[in-house]
Each structure stands twice: as C-alpha cells, then as structure tokens.
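One structure is given below, encoded as structure tokens.
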Protein chains: 4
Amino acid sequence: MKSAFKFPIRIYWEDTDAGGIVFYANYLKFFERARTEWLRSLGIEQQSLKAQSSGIFVVSETQIKYFLPARLDDLLEVTAQTTEKGRASLVLTQQAWLNAKGERNLLAEGTIRIGWVDSQTMKPGRIPAQILEVLQ
Amino acid sequence: MKSAFKFPIRIYWEDTDAGGIVFYANYLKFFERARTEWLRSLGIEQQSLKAQSSGIFVVSETQIKYFLPARLDDLLEVTAQTTEKGRASLVLTQQAWLNAKGERNLLAEGTIRIGWVDSQTMKPGRIPAQILEVLQ
Amino acid sequence: MKSAFKFPIRIYWEDTDAGGIVFYANYLKFFERARTEWLRSLGIEQQSLKAQSSGIFVVSETQIKYFLPARLDDLLEVTAQTTEKGRASLVLTQQAWLNAKGERNLLAEGTIRIGWVDSQTMKPGRIPAQILEVLQ
Amino acid sequence: MKSAFKFPIRIYWEDTDAGGIVFYANYLKFFERARTEWLRSLGIEQQSLKAQSSGIFVVSETQIKYFLPARLDDLLEVTAQTTEKGRASLVLTQQAWLNAKGERNLLAEGTIRIGWVDSQTMKPGRIPAQILEVLQ
C-alpha cells in the first residue's frame with residue numbers, strides 16, 4: 001500500500017472560533033487543500049481540467065470524526081489517500097495530525113467521496129481515462 | 001415522533017464557489033445555524049450557557065450526503081431533529097430542502113453528533129440536567 | 001434623504017474567532033447580505049440578472065472601521081444606503097448596530113463600491129437602465 | 001526603505017465564488033495570513049503572545065482596492081509592509097500579486113490598521129516594548 005500524501009497547513013485566526021479552537025467545518029477545507037495538492041502532485045490541475053474536459057470533481061459524501069482540537073498557530077500535517085477507486089467516483093481517507101511538544105496526535109479523520117460531473121449540468125459521468133490512469 | 005425544527009437559510013455569494021453552486025463545506029454551517037435556532041427555540045442560548053456552566057457543545061462527528069446543488073439566491077429550509085439522546089452527547093439528523101418551481105427537493109442530509117465539554121479544558125462531561133430536561 | 005435599508009443578522013459560531021469576538025473579515029459578508037436583501041427589496045435578484053443580462057455587480061473597493069466587537073448569539077442590525085450613484089458604479093454606506101441591554105451601539109461602518117461587469121470577461125460596463133431606474 | 005515581506009498563497013475552491021473568481025472578502029484573510037507569517041518571521045507568535053502578555057492585535061480599520069480577479073489554482077504573492085508605527089497601533093500596506101504567463105499583475109491592495117488590546121476587556125493599550133523593538 002502506498003503511503004499517504006502529506007500537506008502542511010498552518011492555523012490562522014480565520015480558522016478558529018470563540019471556543020478558542022479550530023471551527024470543525026474548516027477540516028473539510030483543510031482536507032480539500034490536501035486533496036488538491038495531491039492531484040497537483042500527480043499533474044492534475046482542476047482549473048485546466050474544467051477548461052479541457054468540461055468536467056469537475058464534486059464532493060458527494062463526507063464523514064469526519066473529531067478527536068482533539070487544533071489552535072491558533074498550530075502547524076497541521078494533513079494526509080490524502082485513495083481507499084476506493086471506481087469509474088465514476090473515488091473515496092479518500094484523510095487525516096489531520098499535530099506534531100507538538102514531542103507528541104504526534106491525530107486530531108481528525110475523514111472519508112470523502114468525490115464524483116465526476118459535467119460542470120454545466122452537474123450530471124454524473126465517468127472519470128476521464130487520462131485521470132484514472134494517473135491515479136493507478 | 002415530533003416533527004423536525006425548520007429554519008430558512010438564504011444563499012449569498014459568500015456561500016457559493018467557482019462551480020456555480022454552494023460550497024459543500026457550508027452545509028455544516030447551515031446545519032449549525034438551524035441547530036442553534038432549535039436550541040434557542042427551547043430557551044437555550046449558548047453564549048449565556050458558557051458563562052453560567054463553563055461548558056459548551058462541540059461537534060464530535062459529522063456525516064453528510066449531497067444529492068442536489070443549491071445556487072445563489074436560493075432559499076433553503078434546513079431542519080434539525082434529535083435522533084439519539086445520551087448523557088454526554090446527542091445525535092441530530094438534519095436536512096436541507098429547496099422548494100422551487102413547484103418542486104420540493106432534498107439537497108443534503110447529515111447526522112451530527114454533539115458532545116458536552118468543559119469550555120476551558122475541552123474535556124467531555126455530562127450534559128447539564130437543566131438542558132437534558134428541556135430536550136425531553 | 002431616504003432612510004437606510006435595515007436587515008437583521010444573527011451571530012453564529014462560524015462568525016467568531018479565538019479572540020471570542022466576530023472575525024472582522026465577516027463584516028464584509030454581513031454588509032453583502034444586507035446589500036443583497038436591499039436589492040431584492042427593489043425587485044432585483046442577482047441570479048436572474050446574471051442569466052438575463054450576462055452582467056453582475058462586483059465589489060471594487062471596500063473600507064471599514066471597527067468600533068466595538070460583536071459576540072456569539074448577538075443580533076445585529078445591518079444597514080445599506082447608496083451614497084453615490086454613477087453610470088458604472090455605486091457607493092453604499094453600511095453600518096452594523098447592536099441593540100442590547102438598553103443601549104444602541106455602532107459596531108462597524110463601511111463604504112463599499114460596487115461596479116457593473118460582464119460576467120464572462122469581468123470587464124466593466126454601464127449598469128443596465130432597468131436597474132438604474134429602480135435605484136432612483 | 002526595507003523591502004516588503006512576501007508570502008505565497010494558493011487559491012482553492014473554498015476561496016472562490018459563483019462569479020468564478022476569488023470572493024473579495026477573502027483578501028482580508030490572505031492579508032492576515034501574510035501579516036501573521038511576517039510577525040512569525042520576526043519571532044512573534046500570536047498564540048504565545050496572548051498567553052504571556054494577555055494582549056492581542058486586533059484589526060481596527062481596513063481599506064482594499066480590487067484591480068483584477070484571481071481564479072482557482074492561481075498562486076498569489078501577498079506582501080506585508082509597515083507604513084506607520086505608533087505606540088498603540090500599526091498600519092500595514094499589503095498587496096496581492098499574480099505572476100502568470102510572463103506577466104506580473106497587481107490584483108488587490110489594502111491598508112490595514114492593527115491596534116493592541118487586552119484580550120479579556122478588548123480595551124486598547126500600548127504595544128509591549130519587546131514587540132515595538134522587534135518592529136524597528
């Protein structure tokens with residue numbers, strides 16, 4: 001099994017809430033940044049994909065468990081790894097880790113299903129062959 | 001079974017993304033607004049709760065399925081209904097509906113687990129009796 | 001001089017930051033919600049405008065002064081009032097007020113310039129006559 | 001005059017809106033990320049500052065002009081430079097640049113005033129000497 005793709009994400013004021021911790025909805029943003037960089041690392045740029053193929057990936061299902069909070073100035077390590085590959089959708093498992101004070105803690109873990117749709121009609125379709133190939 | 005609490009949410013530019021639709025992470029915000037208004041309708045204000053009890057609700061698990069997109073200017077109806085009640089946490093089922101052009105469509109559905117924690121230590125604890133009572 | 005349009009905005013967790021107050025960037029969102037509702041009150045829906053005219057309003061300049069913080073659960077009153085009307089752009093003055101504990105306080109005040117552009121090319125153009133008329 | 005601090009910021013789906021471009025309010029976030037990294041480069045971490053001094057910087061005034069839009073996948077260069085230094089507040093000039101296709105374009109420019117306040121009372125105070133020294 002290939003090791004997961006890793007991407008560093010710094011916590012800023014914009015990410016926190018009045019509980020003094022990172023607002024839970026923002027992990028979906030962090031996971032997406034890591035997915036986008038994982039795709040980019042494979043040579044897939046979503047903006048040019050949209051222009052070329054008139055298709056885009058959209059998120060069709062998300063699931064997240066929150067274990068420990070992150071705080072202002074924390075530097076997270078966010079992972080992305082495909083755990084299911086179909087003709088029309090992919091499932092990724094993603095984690096957010098914090099390395100601090102000699103400890104490594106899992107803050108949150110999620111599974112995200114992304115499906116391929118036509119960018120005009122939003123109707124599902126098959127993931128283009130060129131992309132499926134790269135993902136093998 | 002009691003009917004679900006309902007709250008109207010309008011879609012603004014801030015909610016949309018370059019796909020021309022509502023950014024999926026924002027449904028977690030919409031669900032939270034509806035939960036907050038549901039709690040308020042039961043006489044529970046989170047800011048004063050925090051001041052009185054030094055505890056707050058935090059989200060420990062989320063799960064969302066996305067069926068159809070919402071767009072700029074759409075007026076959603078977002079529901080909140082408890083489907084599990086424990087001593088330390090609650091599970092709510094929440095839906096986002098769009099009524100337009102004579103149709104009523106389910107856009108997204110999620111389950112959200114919220115747990116009670118001390119607002120300083122973020123350690124889990126029992127939901128205060130006064131709140132559990134109101135939720136019966 | 002006509003009185004300003006007023007729109008109520010409730011503060012949720014999503015709006016706050018780890019300082020315990022509303023994150024300052026979010027006032028731009030609050031001002032936009034109020035502008036959108038002001039336009040809607042004049043019969044102007046931006047989504048259908050875009051479809052009909054292929055043009056949209058975009059923000060070209062913003063200026064905000066922050067006087068007092070808002071907090072979780074606060075109910076703000078946000079205003080919108082045109083203070084300059086041109087062929088290609090409008091300037092609005094917008095304020096966020098908090099009425100609480102018998103006091104009425106101005107939290108933030110801004111001026112926002114919005115210009116008309118073609119939604120494809122993003123090039124500036126003249127505001128359609130039908131809209132200018134409504135704004136008189 | 002010292003040259004400006006520079007920080008790279010990548011545009012993700014979360015940053016865009018249904019106009020197909022970056023939502024204007026997000027430049028306040030980009031400017032803050034760059035300010036935070038500029039402070040960090042000077043050895044100032046806001047989370048530990050808050051713990052040590054019980055004070056924080058808050059934004060008291062913002063002004064932004066928008067010249068050209070950014071899009072999904074763009075890589076911006078965001079600058080931060082102090083243009084006014086007082087005992088209780090600083091003014092920074094900040095710019096967002098896009099280098100693409102052999103061109104270098106200024107997308108947005110702003111001035112941001114940040115003032116020092118007590119993190120409990122939110123009352124203004126003098127910027128601690130240790131910070132003022134570092135900023136010289």
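Labels for the structure tokens follow display order: chains A, B, ..., residues from 1 in each chain, ligands from 1.
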Near Thr83 of chain D, counting only C-alpha atoms, which residues have an atom at most 9 Å away, once you skip same-chain residues fewer than 3 positions from it, shown as a list of chain:residue names? D:Leu90, D:Val91, D:Leu92, D:Thr93, D:Thr111
Take the residues that were just selected and, keeping N, CA and C atoms, output them as a PDB file, in the first residue's frame.
```
ATOM      1  N   LEU D  90      -0.416  49.986  14.466  1.00  0.00           N
ATOM      2  CA  LEU D  90       0.440  49.945  13.285  1.00  0.00           C
ATOM      3  C   LEU D  90      -0.444  49.999  12.050  1.00  0.00           C
ATOM      4  N   VAL D  91       0.079  50.576  10.973  1.00  0.00           N
ATOM      5  CA  VAL D  91      -0.614  50.461   9.693  1.00  0.00           C
ATOM      6  C   VAL D  91       0.286  49.685   8.737  1.00  0.00           C
ATOM      7  N   LEU D  92      -0.303  48.692   8.094  1.00  0.00           N
ATOM      8  CA  LEU D  92       0.427  47.929   7.085  1.00  0.00           C
ATOM      9  C   LEU D  92      -0.179  48.157   5.712  1.00  0.00           C
ATOM     10  N   THR D  93       0.685  48.236   4.715  1.00  0.00           N
ATOM     11  CA  THR D  93       0.229  48.218   3.331  1.00  0.00           C
ATOM     12  C   THR D  93       0.474  46.821   2.806  1.00  0.00           C
ATOM     13  N   THR D 111      -4.783  48.753   2.945  1.00  0.00           N
ATOM     14  CA  THR D 111      -4.088  49.211   4.150  1.00  0.00           C
ATOM     15  C   THR D 111      -4.894  48.709   5.339  1.00  0.00           C
TER      16      THR D 111
END
```
Skip Leu68 of chain B itself and residues of its chain fewer than 4 positions away, then list as a ChimeraX atom specification all residues within 10 Å of it, counting only C-alpha atoms. /A:60,122-123 /B:21,96-98,105-108
Could you name the residues that touch Glu45 of chain C at 12 Å or less, counting only C-alpha atoms, but leaving out those on the same chain fewer than 4 positions away, as a VMD selection string? (chain B and resid 11 to 12 72 to 74) or (chain C and resid 35 to 41 49 to 53 56 to 57 131)
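Counting only C-alpha atoms, the residue from A:Gly125, A:Gly110, A:Gly115, A:Gly55 that sits nearest to Phe30 of chain A is A:Gly110.
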At most 9 Å to chain A: residues in chain C, only C-alpha atoms, as a list in words: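 Applying the cut-off to the listed atoms yields Trp13, Glu14, Asp15, Thr16, Asp17, Ala18, Gly19, Gly20, Ile21, Val22, Phe23, Ala25, Arg71 and Leu72 of chain C.
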For the atom pair atom CA of Ile112 of chain C and atom CA of Ser89 of chain C, what is the interatomic distance in Å to one decimal place?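 Answer for the atom CA of Ile112 of chain C to atom CA of Ser89 of chain C separation: 10.3 Å.
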Report as number ranges by chain: the residues of chain D with a DSSP assignment of helix (DSSP H, G or I), based on the backbone of this structure. D: 13-15, 26-41, 46-53, 129-135
Which of B:Val58, B:Gln63, B:Pro69, B:Ala80 sits closest to Ala4 of chain B [using only C-alpha atoms]: B:Ala80
Residues of chain B in strand (DSSP E or B) according to DSSP, as a ChimeraX atom specification? /B:5-10,16,22,55-66,75-85,89-100,103-118,124
